[in-house]
>>> print(open('final.cif').read())   # mmCIF, C-alpha atoms and all ligand atoms
data_coords
loop_
_atom_site.label_atom_id
_atom_site.label_comp_id
_atom_site.auth_asym_id
_atom_site.auth_seq_id
_atom_site.Cartn_x
_atom_site.Cartn_y
_atom_site.Cartn_z
CA MET A 1 -97.16 -92.70 46.12
CA ARG A 2 -94.60 -94.25 48.43
CA PHE A 3 -93.15 -97.76 48.28
CA GLU A 4 -95.40 -99.48 50.83
CA THR A 5 -98.55 -98.03 49.22
CA LEU A 6 -97.47 -99.00 45.70
CA ALA A 7 -96.63 -102.50 46.92
CA ILE A 8 -100.24 -102.97 48.05
CA HIS A 9 -102.14 -101.06 45.35
CA ALA A 10 -100.17 -100.72 42.10
CA GLY A 11 -101.87 -102.65 39.30
CA GLN A 12 -104.61 -103.73 41.71
CA GLU A 13 -107.72 -101.60 41.34
CA PRO A 14 -110.72 -103.42 42.90
CA ASP A 15 -112.22 -105.84 40.35
CA ALA A 16 -114.58 -103.96 38.00
CA ALA A 17 -117.19 -106.75 37.94
CA THR A 18 -117.40 -107.67 41.65
CA GLY A 19 -115.48 -105.11 43.67
CA ALA A 20 -113.08 -107.81 44.94
CA VAL A 21 -110.19 -105.94 46.55
CA VAL A 22 -107.68 -108.58 45.52
CA PRO A 23 -107.13 -109.35 41.82
CA PRO A 24 -108.80 -112.66 40.90
CA ILE A 25 -106.71 -115.59 39.68
CA TYR A 26 -107.68 -115.62 36.00
CA GLN A 27 -107.07 -119.33 35.49
CA VAL A 28 -107.83 -119.18 31.79
CA SER A 29 -105.92 -119.77 28.57
CA THR A 30 -108.14 -118.02 25.99
CA TYR A 31 -110.74 -115.21 25.71
CA LYS A 32 -113.97 -114.94 23.69
CA GLN A 33 -113.77 -112.50 20.80
CA ASP A 34 -116.83 -110.44 19.76
CA GLY A 35 -116.27 -111.05 16.06
CA VAL A 36 -112.83 -111.77 14.61
CA GLY A 37 -110.30 -109.44 16.26
CA GLY A 38 -112.94 -108.00 18.64
CA LEU A 39 -111.16 -108.34 21.97
CA ARG A 40 -113.22 -107.32 25.01
CA GLY A 41 -110.45 -106.44 27.44
CA GLY A 42 -107.37 -106.56 25.24
CA TYR A 43 -106.74 -110.23 26.04
CA GLU A 44 -106.61 -113.01 23.44
CA TYR A 45 -104.36 -115.82 24.76
CA SER A 46 -102.68 -116.15 28.17
CA ARG A 47 -99.12 -116.70 26.92
CA SER A 48 -99.36 -113.22 25.39
CA ALA A 49 -101.12 -111.64 28.39
CA ASN A 50 -103.27 -112.64 31.36
CA PRO A 51 -105.03 -110.19 33.74
CA THR A 52 -103.47 -111.62 36.93
CA ARG A 53 -100.02 -111.45 35.33
CA THR A 54 -100.74 -107.91 34.14
CA ALA A 55 -101.53 -106.89 37.73
CA LEU A 56 -98.20 -108.34 38.88
CA GLU A 57 -96.26 -106.77 36.00
CA GLU A 58 -97.71 -103.32 36.77
CA CYS A 59 -96.90 -103.74 40.47
CA LEU A 60 -93.33 -104.86 39.69
CA ALA A 61 -92.77 -101.81 37.48
CA ALA A 62 -94.11 -99.53 40.23
CA VAL A 63 -92.04 -100.93 43.10
CA GLU A 64 -88.81 -100.88 41.04
CA GLY A 65 -89.55 -97.41 39.62
CA GLY A 66 -89.47 -98.73 36.02
CA ARG A 67 -91.58 -98.24 32.89
CA ARG A 68 -92.49 -101.93 32.36
CA GLY A 69 -92.46 -105.14 34.37
CA LEU A 70 -92.50 -108.62 32.83
CA ALA A 71 -93.18 -111.78 34.83
CA PHE A 72 -91.63 -115.17 34.04
CA ALA A 73 -91.81 -118.79 35.12
CA SER A 74 -88.48 -118.50 37.02
CA GLY A 75 -85.56 -116.15 37.53
CA LEU A 76 -83.50 -118.13 35.02
CA ALA A 77 -86.30 -117.98 32.45
CA ALA A 78 -86.28 -114.19 32.83
CA GLU A 79 -82.49 -114.10 32.41
CA ASP A 80 -82.50 -116.37 29.36
CA THR A 81 -85.28 -114.41 27.65
CA LEU A 82 -83.54 -111.10 28.36
CA LEU A 83 -80.16 -112.19 27.02
CA ARG A 84 -81.61 -113.61 23.80
CA ALA A 85 -83.56 -110.36 23.32
CA LEU A 86 -80.54 -108.12 23.93
CA CYS A 87 -77.78 -110.12 22.21
CA ARG A 88 -76.93 -112.01 19.04
CA PRO A 89 -74.51 -114.93 18.75
CA GLY A 90 -70.97 -113.47 18.76
CA ASP A 91 -71.80 -110.63 21.17
CA HIS A 92 -69.80 -110.11 24.35
CA VAL A 93 -71.19 -109.85 27.88
CA VAL A 94 -69.43 -109.05 31.18
CA ILE A 95 -70.66 -111.12 34.11
CA PRO A 96 -69.89 -110.80 37.84
CA GLY A 97 -66.94 -112.64 39.36
CA ASP A 98 -69.35 -114.01 41.96
CA ALA A 99 -72.96 -114.82 41.09
CA TYR A 100 -75.71 -117.36 41.63
CA GLY A 101 -74.35 -120.67 40.29
CA GLY A 102 -77.36 -121.19 38.02
CA THR A 103 -76.76 -117.81 36.39
CA TYR A 104 -73.16 -118.80 35.69
CA ARG A 105 -74.31 -122.16 34.31
CA LEU A 106 -76.76 -120.37 31.98
CA PHE A 107 -73.88 -118.32 30.54
CA ALA A 108 -71.27 -121.09 30.50
CA GLN A 109 -73.32 -124.13 29.43
CA VAL A 110 -76.29 -122.75 27.50
CA LEU A 111 -75.66 -119.29 26.06
CA ALA A 112 -72.00 -119.99 25.26
CA ARG A 113 -73.18 -122.82 22.96
CA TRP A 114 -75.55 -120.33 21.30
CA GLY A 115 -72.43 -118.22 20.59
CA LEU A 116 -72.46 -115.67 23.42
CA ASP A 117 -68.97 -114.70 24.57
CA PHE A 118 -68.62 -113.74 28.24
CA THR A 119 -65.90 -112.50 30.58
CA PRO A 120 -66.25 -112.83 34.37
CA SER A 121 -65.10 -109.71 36.18
CA THR A 122 -62.13 -110.43 38.47
CA GLY A 123 -63.82 -108.72 41.44
CA ASP A 124 -66.77 -106.62 42.61
CA GLY A 125 -65.01 -103.26 42.27
CA VAL A 126 -65.45 -100.73 39.48
CA ASP A 127 -61.89 -101.29 38.17
CA ALA A 128 -62.52 -105.01 37.73
CA PHE A 129 -65.60 -104.26 35.63
CA ARG A 130 -63.71 -101.61 33.63
CA ASP A 131 -61.00 -104.17 32.78
CA ALA A 132 -63.55 -106.76 31.65
CA ILE A 133 -65.48 -104.43 29.30
CA SER A 134 -64.50 -104.26 25.61
CA PRO A 135 -65.85 -100.89 24.42
CA GLY A 136 -67.92 -101.27 21.27
CA ARG A 137 -68.03 -105.07 21.57
CA THR A 138 -69.60 -105.56 25.03
CA LYS A 139 -73.39 -105.41 24.71
CA VAL A 140 -74.38 -106.16 28.30
CA VAL A 141 -72.76 -105.62 31.70
CA TRP A 142 -74.35 -107.90 34.29
CA VAL A 143 -74.10 -107.02 37.98
CA GLU A 144 -75.37 -108.90 41.02
CA THR A 145 -75.23 -106.84 44.24
CA PRO A 146 -75.07 -108.10 46.92
CA THR A 147 -73.66 -111.22 45.24
CA ASN A 148 -74.74 -114.77 45.93
CA PRO A 149 -73.08 -116.26 48.00
CA LEU A 150 -70.08 -114.04 48.87
CA LEU A 151 -72.09 -110.85 49.55
CA GLY A 152 -69.86 -108.74 47.33
CA ILE A 153 -71.02 -105.20 46.62
CA THR A 154 -70.75 -103.37 43.30
CA ASP A 155 -71.25 -99.63 42.85
CA ILE A 156 -74.29 -99.58 40.54
CA ALA A 157 -74.07 -95.88 39.57
CA ALA A 158 -70.36 -96.12 38.72
CA VAL A 159 -70.72 -99.31 36.65
CA ALA A 160 -73.79 -97.82 34.88
CA ASP A 161 -71.54 -94.98 33.68
CA LEU A 162 -68.87 -97.45 32.54
CA ALA A 163 -71.41 -99.58 30.67
CA HIS A 164 -73.05 -96.62 28.97
CA ASP A 165 -69.69 -95.10 27.94
CA ALA A 166 -68.87 -98.45 26.31
CA GLY A 167 -72.22 -98.58 24.48
CA ALA A 168 -73.57 -101.42 26.67
CA VAL A 169 -76.66 -101.78 28.87
CA LEU A 170 -76.43 -102.45 32.59
CA VAL A 171 -78.48 -105.30 34.04
CA VAL A 172 -78.68 -105.62 37.85
CA ASP A 173 -79.83 -108.79 39.59
CA ASN A 174 -81.63 -107.24 42.58
CA THR A 175 -82.77 -110.54 44.12
CA PHE A 176 -80.73 -110.31 47.36
CA ALA A 177 -81.64 -106.69 48.15
CA SER A 178 -85.24 -106.54 46.83
CA PRO A 179 -86.65 -103.23 45.59
CA TYR A 180 -87.41 -102.20 49.18
CA LEU A 181 -83.70 -101.94 49.97
CA GLN A 182 -82.23 -101.00 46.60
CA GLN A 183 -83.54 -99.34 43.43
CA PRO A 184 -81.03 -99.99 40.62
CA LEU A 185 -82.97 -98.11 37.91
CA ALA A 186 -82.79 -94.89 39.94
CA LEU A 187 -79.01 -95.43 40.15
CA GLY A 188 -78.66 -95.65 36.35
CA ALA A 189 -79.22 -99.35 35.58
CA ASP A 190 -81.28 -100.14 32.48
CA ILE A 191 -82.87 -103.42 33.55
CA VAL A 192 -83.52 -105.15 36.87
CA VAL A 193 -83.71 -108.94 37.17
CA HIS A 194 -85.39 -110.84 40.00
CA SER A 195 -85.83 -114.34 41.09
CA THR A 196 -89.31 -113.61 42.55
CA THR A 197 -88.96 -117.03 44.16
CA LYS A 198 -87.05 -115.18 46.88
CA TYR A 199 -87.98 -111.99 48.82
CA LEU A 200 -90.73 -110.80 46.45
CA GLY A 201 -92.68 -114.07 46.82
CA GLY A 202 -91.36 -114.28 50.36
CA HIS A 203 -92.97 -117.55 51.54
CA SER A 204 -91.03 -120.31 49.73
CA ASP A 205 -94.19 -121.39 47.91
CA VAL A 206 -93.59 -120.21 44.34
CA VAL A 207 -90.89 -120.21 41.66
CA GLY A 208 -90.91 -117.11 39.48
CA GLY A 209 -88.85 -114.45 37.79
CA ALA A 210 -89.17 -110.85 36.70
CA LEU A 211 -87.61 -108.14 34.57
CA VAL A 212 -88.22 -104.44 35.07
CA LEU A 213 -87.09 -102.07 32.34
CA ALA A 214 -86.52 -98.34 32.32
CA ASP A 215 -86.93 -97.87 28.58
CA GLU A 216 -90.20 -98.44 26.73
CA GLU A 217 -88.60 -99.41 23.40
CA LEU A 218 -86.29 -101.94 25.00
CA ALA A 219 -89.29 -103.22 26.98
CA ASP A 220 -91.20 -103.81 23.74
CA ARG A 221 -88.33 -105.90 22.36
CA VAL A 222 -88.08 -107.99 25.54
CA ALA A 223 -91.88 -108.35 25.77
CA TYR A 224 -91.85 -109.65 22.19
CA HIS A 225 -89.36 -112.34 23.28
CA GLN A 226 -91.39 -113.09 26.43
CA ASN A 227 -94.32 -114.03 24.19
CA ALA A 228 -92.21 -115.63 21.45
CA MET A 229 -90.22 -117.80 23.89
CA GLY A 230 -93.17 -118.43 26.19
CA ALA A 231 -91.58 -118.83 29.64
CA VAL A 232 -94.33 -116.79 31.32
CA ALA A 233 -95.58 -116.82 34.92
CA GLY A 234 -98.83 -118.75 35.29
CA PRO A 235 -101.86 -117.01 36.87
CA PHE A 236 -101.63 -118.66 40.29
CA ASP A 237 -97.87 -118.10 40.52
CA ALA A 238 -98.36 -114.46 39.50
CA TRP A 239 -101.02 -114.10 42.21
CA LEU A 240 -98.74 -115.57 44.90
CA VAL A 241 -95.95 -113.13 44.03
CA LEU A 242 -98.42 -110.24 43.99
CA ARG A 243 -99.58 -111.22 47.47
CA GLY A 244 -95.99 -111.54 48.66
CA ILE A 245 -95.05 -108.05 47.49
CA LYS A 246 -97.77 -106.50 49.69
CA THR A 247 -95.78 -107.32 52.85
CA LEU A 248 -92.28 -106.91 51.40
CA GLY A 249 -91.45 -103.79 53.41
CA VAL A 250 -92.42 -105.12 56.84
CA ARG A 251 -90.77 -108.47 56.12
CA MET A 252 -87.52 -106.84 54.97
CA ASP A 253 -87.37 -104.64 58.08
CA ARG A 254 -87.56 -107.76 60.24
CA HIS A 255 -85.15 -109.78 58.06
CA CYS A 256 -82.58 -106.97 58.37
CA ALA A 257 -83.05 -106.52 62.13
CA ASN A 258 -82.70 -110.26 62.80
CA ALA A 259 -79.70 -110.54 60.45
CA GLU A 260 -77.81 -107.79 62.25
CA ARG A 261 -78.14 -109.65 65.55
CA VAL A 262 -77.10 -112.95 63.96
CA VAL A 263 -74.00 -111.19 62.61
CA ASP A 264 -73.22 -110.02 66.17
CA LEU A 265 -73.25 -113.66 67.27
CA LEU A 266 -71.01 -114.87 64.43
CA VAL A 267 -68.42 -112.09 64.61
CA GLY A 268 -65.83 -113.11 67.16
CA HIS A 269 -67.21 -116.65 67.58
CA PRO A 270 -64.20 -118.96 67.88
CA GLY A 271 -65.65 -121.39 65.31
CA VAL A 272 -66.04 -118.69 62.64
CA SER A 273 -63.04 -117.35 60.71
CA GLU A 274 -64.82 -114.67 58.65
CA VAL A 275 -68.31 -113.16 58.39
CA LEU A 276 -69.41 -111.82 55.00
CA TYR A 277 -72.09 -109.17 55.52
CA PRO A 278 -72.12 -105.71 53.91
CA GLY A 279 -73.35 -104.12 57.14
CA LEU A 280 -69.96 -104.76 58.77
CA ALA A 281 -67.72 -101.68 58.73
CA GLU A 282 -64.75 -103.85 57.66
CA HIS A 283 -66.61 -105.28 54.62
CA PRO A 284 -64.84 -103.89 51.50
CA GLY A 285 -68.19 -102.85 50.01
CA HIS A 286 -69.61 -101.34 53.21
CA GLU A 287 -69.49 -97.70 52.13
CA VAL A 288 -70.99 -98.37 48.72
CA ALA A 289 -73.70 -100.55 50.29
CA ALA A 290 -74.50 -97.80 52.81
CA LYS A 291 -74.84 -95.37 49.89
CA GLN A 292 -77.03 -97.48 47.60
CA MET A 293 -79.01 -99.67 50.02
CA LYS A 294 -81.58 -98.66 52.63
CA ALA A 295 -80.33 -101.43 54.97
CA PHE A 296 -77.98 -104.40 54.55
CA GLY A 297 -80.42 -107.26 54.03
CA GLY A 298 -81.18 -110.67 55.47
CA MET A 299 -78.47 -112.68 53.68
CA MET A 300 -75.00 -113.47 55.00
CA SER A 301 -72.28 -116.07 54.64
CA PHE A 302 -69.52 -117.13 56.99
CA ARG A 303 -66.38 -119.22 56.79
CA VAL A 304 -65.84 -121.92 59.35
CA VAL A 305 -62.73 -122.87 61.31
CA GLY A 306 -62.07 -126.53 60.46
CA GLY A 307 -62.78 -126.31 56.73
CA GLU A 308 -65.41 -128.00 54.58
CA ASP A 309 -66.25 -130.89 56.93
CA ALA A 310 -66.88 -128.50 59.80
CA ALA A 311 -69.05 -126.29 57.54
CA VAL A 312 -71.14 -129.29 56.48
CA GLU A 313 -71.49 -130.38 60.11
CA ILE A 314 -72.92 -127.00 61.13
CA CYS A 315 -75.43 -127.18 58.27
CA ASN A 316 -76.48 -130.64 59.46
CA ARG A 317 -76.91 -129.56 63.12
CA THR A 318 -79.36 -126.64 62.97
CA LYS A 319 -82.98 -127.23 63.90
CA VAL A 320 -84.76 -123.90 63.38
CA PHE A 321 -82.63 -122.93 60.38
CA THR A 322 -83.83 -125.45 57.78
CA LEU A 323 -81.13 -127.04 55.61
CA ALA A 324 -82.37 -126.12 52.14
CA GLU A 325 -81.54 -124.26 48.95
CA SER A 326 -83.24 -120.96 48.06
CA LEU A 327 -83.61 -117.88 50.24
CA GLY A 328 -85.76 -114.87 51.04
CA GLY A 329 -88.70 -116.68 52.66
CA VAL A 330 -90.10 -115.98 56.13
CA GLU A 331 -88.35 -119.10 57.44
CA SER A 332 -84.60 -119.15 58.15
CA LEU A 333 -82.54 -121.36 55.86
CA ILE A 334 -78.95 -122.63 56.03
CA GLU A 335 -76.97 -124.20 53.21
CA HIS A 336 -73.50 -125.22 52.02
CA PRO A 337 -73.06 -123.30 48.71
CA GLY A 338 -70.11 -125.40 47.49
CA ARG A 339 -72.16 -128.62 47.55
CA MET A 340 -75.64 -127.15 47.01
CA THR A 341 -76.60 -123.88 45.23
CA HIS A 342 -73.17 -123.32 43.65
CA ALA A 343 -72.12 -126.89 42.89
CA SER A 344 -72.52 -126.08 39.18
CA ALA A 345 -69.72 -123.48 39.46
CA ALA A 346 -67.15 -126.07 40.70
CA GLY A 347 -63.90 -125.84 38.72
CA SER A 348 -64.90 -122.44 37.23
CA PRO A 349 -63.68 -118.93 38.10
CA LEU A 350 -66.87 -118.66 40.17
CA GLU A 351 -66.13 -121.67 42.39
CA VAL A 352 -66.88 -120.90 46.06
CA PRO A 353 -64.79 -121.89 49.11
CA GLY A 354 -65.62 -125.25 50.74
CA ASP A 355 -65.62 -123.78 54.25
CA LEU A 356 -68.48 -121.40 53.40
CA VAL A 357 -71.95 -121.54 54.99
CA ARG A 358 -74.79 -119.29 53.76
CA LEU A 359 -77.71 -118.12 55.89
CA SER A 360 -81.03 -116.65 54.82
CA VAL A 361 -82.18 -115.13 58.09
CA GLY A 362 -85.95 -115.34 58.44
CA ILE A 363 -88.45 -113.43 60.55
CA GLU A 364 -88.90 -115.91 63.41
CA ALA A 365 -88.29 -114.88 67.04
CA LEU A 366 -84.69 -113.73 67.18
CA GLU A 367 -83.96 -115.64 70.42
CA ASP A 368 -84.83 -118.96 68.75
CA LEU A 369 -82.48 -118.20 65.86
CA ILE A 370 -79.65 -117.25 68.20
CA ASP A 371 -80.17 -120.36 70.39
CA ASP A 372 -80.21 -122.60 67.31
CA LEU A 373 -77.02 -121.21 65.79
CA THR A 374 -75.28 -121.21 69.16
CA GLN A 375 -75.90 -124.95 69.58
CA ALA A 376 -75.00 -125.71 65.94
CA LEU A 377 -71.70 -123.83 66.13
CA GLY A 378 -70.85 -125.78 69.31
C1 LIG A 401 -79.36 -114.02 42.83
C2 LIG A 401 -80.19 -115.00 42.05
N1 LIG A 401 -80.51 -114.72 40.79
C3 LIG A 401 -81.25 -115.60 40.03
C4 LIG A 401 -81.66 -116.80 40.54
C5 LIG A 401 -82.44 -117.76 39.67
O1 LIG A 401 -83.78 -117.74 40.02
P1 LIG A 401 -84.77 -119.03 39.90
O2 LIG A 401 -84.26 -120.07 40.82
O3 LIG A 401 -86.09 -118.44 40.28
O4 LIG A 401 -84.71 -119.46 38.46
C6 LIG A 401 -81.35 -117.13 41.88
C7 LIG A 401 -81.79 -118.42 42.44
O5 LIG A 401 -81.34 -118.83 43.50
C8 LIG A 401 -80.59 -116.20 42.64
O6 LIG A 401 -80.23 -116.47 43.90
#
>>> encode(input="final.cif", output="structure tokens")
Amino acid sequence: MRFETLAIHAGQEPDAATGAVVPPIYQVSTYKQDGVGGLRGGYEYSRSANPTRTALEECLAAVEGGRRGLAFASGLAAEDTLLRALCRPGDHVVIPGDAYGGTYRLFAQVLARWGLDFTPSTGDGVDAFRDAISPGRTKVVWVETPTNPLLGITDIAAVADLAHDAGAVLVVDNTFASPYLQQPLALGADIVVHSTTKYLGGHSDVVGGALVLADEELADRVAYHQNAMGAVAGPFDAWLVLRGIKTLGVRMDRHCANAERVVDLLVGHPGVSEVLYPGLAEHPGHEVAAKQMKAFGGMMSFRVVGGEDAAVEICNRTKVFTLAESLGGVESLIEHPGRMTHASAAGSPLEVPGDLVRLSVGIEALEDLIDDLTQALG
């Protein structure tokens, strides 16, 4: 079956008891046993498994083309669980030179104290990842593409080869692209990470995370940690993400179309010194993005003439673009990464420029978005 069909049906057979075409929200913690160990539907306790979460996990695996999906309470919970399942204290991990600030904070402030050693790559290119890998010692290579917030692009297939040659697994954070635009497992990645809070949920009404794994044995080990650590998605949150995924394809088409027109406005605007969007021919990752993505996505950043104060001013002036953290919802958002989403990377190798503004272009009427940005840019 094709993507759009899987997104609506995978893991979601009509309910056996009632015929309901949408999976019920199984708001339940425990399940009656018919005698000790006699489980009726395979469920015993909802941290271990819950039918609404199972529906989401099966759908996630299907839309990413993986063997197993696992749903978590947040993207960071998924990341933390994965890293503790894959690594031991003393292991080495390569992380991107640009990444979501909370991901960097997890490595630098939490997992480093646990004893995980990490090296940020010095760029998005394959050579930068090659230089950062220590063959035999590196257990995990972590890639975010496109990156948050600089929209850097990394060649997933090439870095998968590098990681595997070094005896490491490749993890790809696919949050910015979504599985509709990019399928890392088909390109050789071992594990996909999502903040389902973003495009998969799609409506800014849920916080969630996901892992999709290509290998059954590795999936068993991570699933063991999911249960043992307990940061699972609750039934209602799982249901919201499941509902969001049904419309992912049509939403992404509109996000991409609107974003391309917003880029046209920003490029050449006298108040903008640089536009960071992989769809631009001059973007250093354009060719790789064109090869591994179906379209270039709804996220972009731009640098502002006049520095940090001018960037903050623009963020404060928009009316349709809401000034808020997060991304990937139907509504357009604007933010200042240096003071908001990436404040935790200040003073680190992942610090972002102060003159940077990030946009999550929504699916509103394009004319309203263009009018709003035009007035905000002045
Ligand atoms: C690319 C990326 N990965 C991971 C996360 C973390 O996800 P969550 O906020 O759901 O924990 C975010 C959050 O903004 C993100 O943008």
>>> closest_residue(input="final.cif", among="A:Thr322, A:Asn148, A:Ser273, A:Thr247", to="ligand LIG 401 (chain A)", atoms="all atoms listed in the file")
A:Asn148
>>> residues_near_ligand(input="final.cif", ligand="ligand LIG 401 (chain A)", cutoff="9 Å", atoms="only C-alpha atoms and all ligand atoms", output="JSON, numbers by chain")
{"A": [72, 73, 74, 75, 76, 77, 78, 79, 99, 100, 101, 102, 103, 144, 145, 146, 147, 148, 149, 173, 174, 175, 176, 193, 194, 195, 196, 197, 198, 206, 207, 208, 209, 210, 325, 326, 327, 341]}
>>> closest_residue(input="final.cif", among="A:Phe302, A:Ile245, A:Gly347, A:Gln292", to="Val267 (chain A)", atoms="only C-alpha atoms")
A:Phe302
>>> closest_residue(input="final.cif", among="A:Lys291, A:Val304, A:Glu313, A:Val262", to="Val361 (chain A)", atoms="only C-alpha atoms")
A:Val262
>>> closest_residue(input="final.cif", among="A:Glu274, A:Ala238, A:Pro349, A:Tyr199", to="Gly298 (chain A)", atoms="all atoms listed in the file")
A:Tyr199
>>> axis_aligned_box(input="final.cif", around="region 321-337 of chain A", padding_each_side="4 Å", output="JSON")
{"center_x": -81.6, "center_y": -121.0, "center_z": 54.2, "size_x": 25.0, "size_y": 20.2, "size_z": 20.3}
>>> closest_residue(input="final.cif", among="A:Leu369, A:Val305, A:Ala158, A:Val232", to="Asn258 (chain A)", atoms="all atoms listed in the file")
A:Leu369
>>> residues_around(input="final.cif", residues="Cys315 (chain A)", least_positions_apart="3", cutoff="8 Å", atoms="all atoms listed in the file", output="PDB file with C-alpha atoms, keeping the file's coordinate frame")
ATOM      1  CA  ALA A 311     -69.050-126.290  57.540  1.00  0.00           C
ATOM      2  CA  VAL A 312     -71.140-129.290  56.480  1.00  0.00           C
ATOM      3  CA  THR A 318     -79.360-126.640  62.970  1.00  0.00           C
ATOM      4  CA  LEU A 323     -81.130-127.040  55.610  1.00  0.00           C
ATOM      5  CA  ILE A 334     -78.950-122.630  56.030  1.00  0.00           C
ATOM      6  CA  GLU A 335     -76.970-124.200  53.210  1.00  0.00           C
ATOM      7  CA  HIS A 336     -73.500-125.220  52.020  1.00  0.00           C
ATOM      8  CA  VAL A 357     -71.950-121.540  54.990  1.00  0.00           C
ATOM      9  CA  ALA A 376     -75.000-125.710  65.940  1.00  0.00           C
TER      10      ALA A 376
END
>>> closest_residue(input="final.cif", among="A:Met293, A:Ile191, A:Ala259, A:Asp98", to="Glu367 (chain A)", atoms="all atoms listed in the file")
A:Ala259
>>> residues_around(input="final.cif", residues="Asp124 (chain A)", least_positions_apart="2", cutoff="10 Å", atoms="only C-alpha atoms", output="PDB file with C-alpha atoms, in the frame of the given file")
ATOM      1  CA  PRO A  96     -69.890-110.800  37.840  1.00  0.00           C
ATOM      2  CA  GLY A  97     -66.940-112.640  39.360  1.00  0.00           C
ATOM      3  CA  ASP A  98     -69.350-114.010  41.960  1.00  0.00           C
ATOM      4  CA  SER A 121     -65.100-109.710  36.180  1.00  0.00           C
ATOM      5  CA  THR A 122     -62.130-110.430  38.470  1.00  0.00           C
ATOM      6  CA  VAL A 126     -65.450-100.730  39.480  1.00  0.00           C
ATOM      7  CA  ASP A 127     -61.890-101.290  38.170  1.00  0.00           C
ATOM      8  CA  ALA A 128     -62.520-105.010  37.730  1.00  0.00           C
ATOM      9  CA  PHE A 129     -65.600-104.260  35.630  1.00  0.00           C
ATOM     10  CA  VAL A 143     -74.100-107.020  37.980  1.00  0.00           C
ATOM     11  CA  GLU A 144     -75.370-108.900  41.020  1.00  0.00           C
ATOM     12  CA  THR A 145     -75.230-106.840  44.240  1.00  0.00           C
ATOM     13  CA  PRO A 146     -75.070-108.100  46.920  1.00  0.00           C
ATOM     14  CA  THR A 147     -73.660-111.220  45.240  1.00  0.00           C
ATOM     15  CA  LEU A 151     -72.090-110.850  49.550  1.00  0.00           C
ATOM     16  CA  GLY A 152     -69.860-108.740  47.330  1.00  0.00           C
ATOM     17  CA  ILE A 153     -71.020-105.200  46.620  1.00  0.00           C
ATOM     18  CA  THR A 154     -70.750-103.370  43.300  1.00  0.00           C
ATOM     19  CA  ASP A 155     -71.250 -99.630  42.850  1.00  0.00           C
ATOM     20  CA  PRO A 284     -64.840-103.890  51.500  1.00  0.00           C
ATOM     21  CA  GLY A 285     -68.190-102.850  50.010  1.00  0.00           C
TER      22      GLY A 285
END
>>> atom_distance(input="final.cif", atom1="CA of Leu111 (chain A)", atom2="CA of Val140 (chain A)")
13.4 Å
>>> residues_around(input="final.cif", residues="Ile363 (chain A)", least_positions_apart="3", cutoff="6 Å", atoms="only C-alpha atoms", output="ChimeraX atom specification")
/A:254-255,330
>>> residues_around(input="final.cif", residues="Pro89 (chain A)", least_positions_apart="3", cutoff="10 Å", atoms="all atoms listed in the file", output="list in words")
Arg84, His92, Leu111, Ala112, Arg113, Trp114, Gly115, Leu116 and Asp117 of chain A
>>> write_last_selection(input="final.cif", atoms="C-alpha atoms", output="short mmCIF file (atom, residue, chain, number, x, y, z; two decimals), in the coordinates of the input")
data_model
loop_
_atom_site.label_atom_id
_atom_site.label_comp_id
_atom_site.auth_asym_id
_atom_site.auth_seq_id
_atom_site.Cartn_x
_atom_site.Cartn_y
_atom_site.Cartn_z
CA ARG A 84 -81.61 -113.61 23.80
CA HIS A 92 -69.80 -110.11 24.35
CA LEU A 111 -75.66 -119.29 26.06
CA ALA A 112 -72.00 -119.99 25.26
CA ARG A 113 -73.18 -122.82 22.96
CA TRP A 114 -75.55 -120.33 21.30
CA GLY A 115 -72.43 -118.22 20.59
CA LEU A 116 -72.46 -115.67 23.42
CA ASP A 117 -68.97 -114.70 24.57
#
>>> atom_distance(input="final.cif", atom1="CA of Leu70 (chain A)", atom2="CA of Leu213 (chain A)")
8.5 Å
>>> atom_distance(input="final.cif", atom1="CA of Val28 (chain A)", atom2="CA of Arg53 (chain A)")
11.5 Å
>>> residues_around(input="final.cif", residues="Arg243 (chain A)", least_positions_apart="6", cutoff="9 Å", atoms="all atoms listed in the file", output="PyMOL selection string")
chain A and resi 8+22+200-201
>>> decode(input="final.cif", residues="region 185-191 of chain A", atoms="N, CA and C atoms", output="compact mmCIF listing (two decimals), in the first residue's frame")
# COMPACT_ATOMS: atom_id res chain seq x y z
N LEU A 185 15.08 5.19 6.77
CA LEU A 185 15.39 3.75 6.85
C LEU A 185 15.67 3.19 5.45
N ALA A 186 14.93 3.67 4.46
CA ALA A 186 15.15 3.20 3.09
C ALA A 186 16.51 3.67 2.57
N LEU A 187 17.05 4.72 3.17
CA LEU A 187 18.36 5.26 2.75
C LEU A 187 19.51 4.62 3.54
N GLY A 188 19.20 3.71 4.46
CA GLY A 188 20.26 3.00 5.18
C GLY A 188 20.35 3.30 6.66
N ALA A 189 19.54 4.24 7.16
CA ALA A 189 19.56 4.52 8.61
C ALA A 189 19.00 3.32 9.37
N ASP A 190 19.39 3.18 10.64
CA ASP A 190 18.92 2.07 11.46
C ASP A 190 17.69 2.44 12.28
N ILE A 191 17.64 3.71 12.70
CA ILE A 191 16.58 4.15 13.61
C ILE A 191 16.17 5.57 13.24
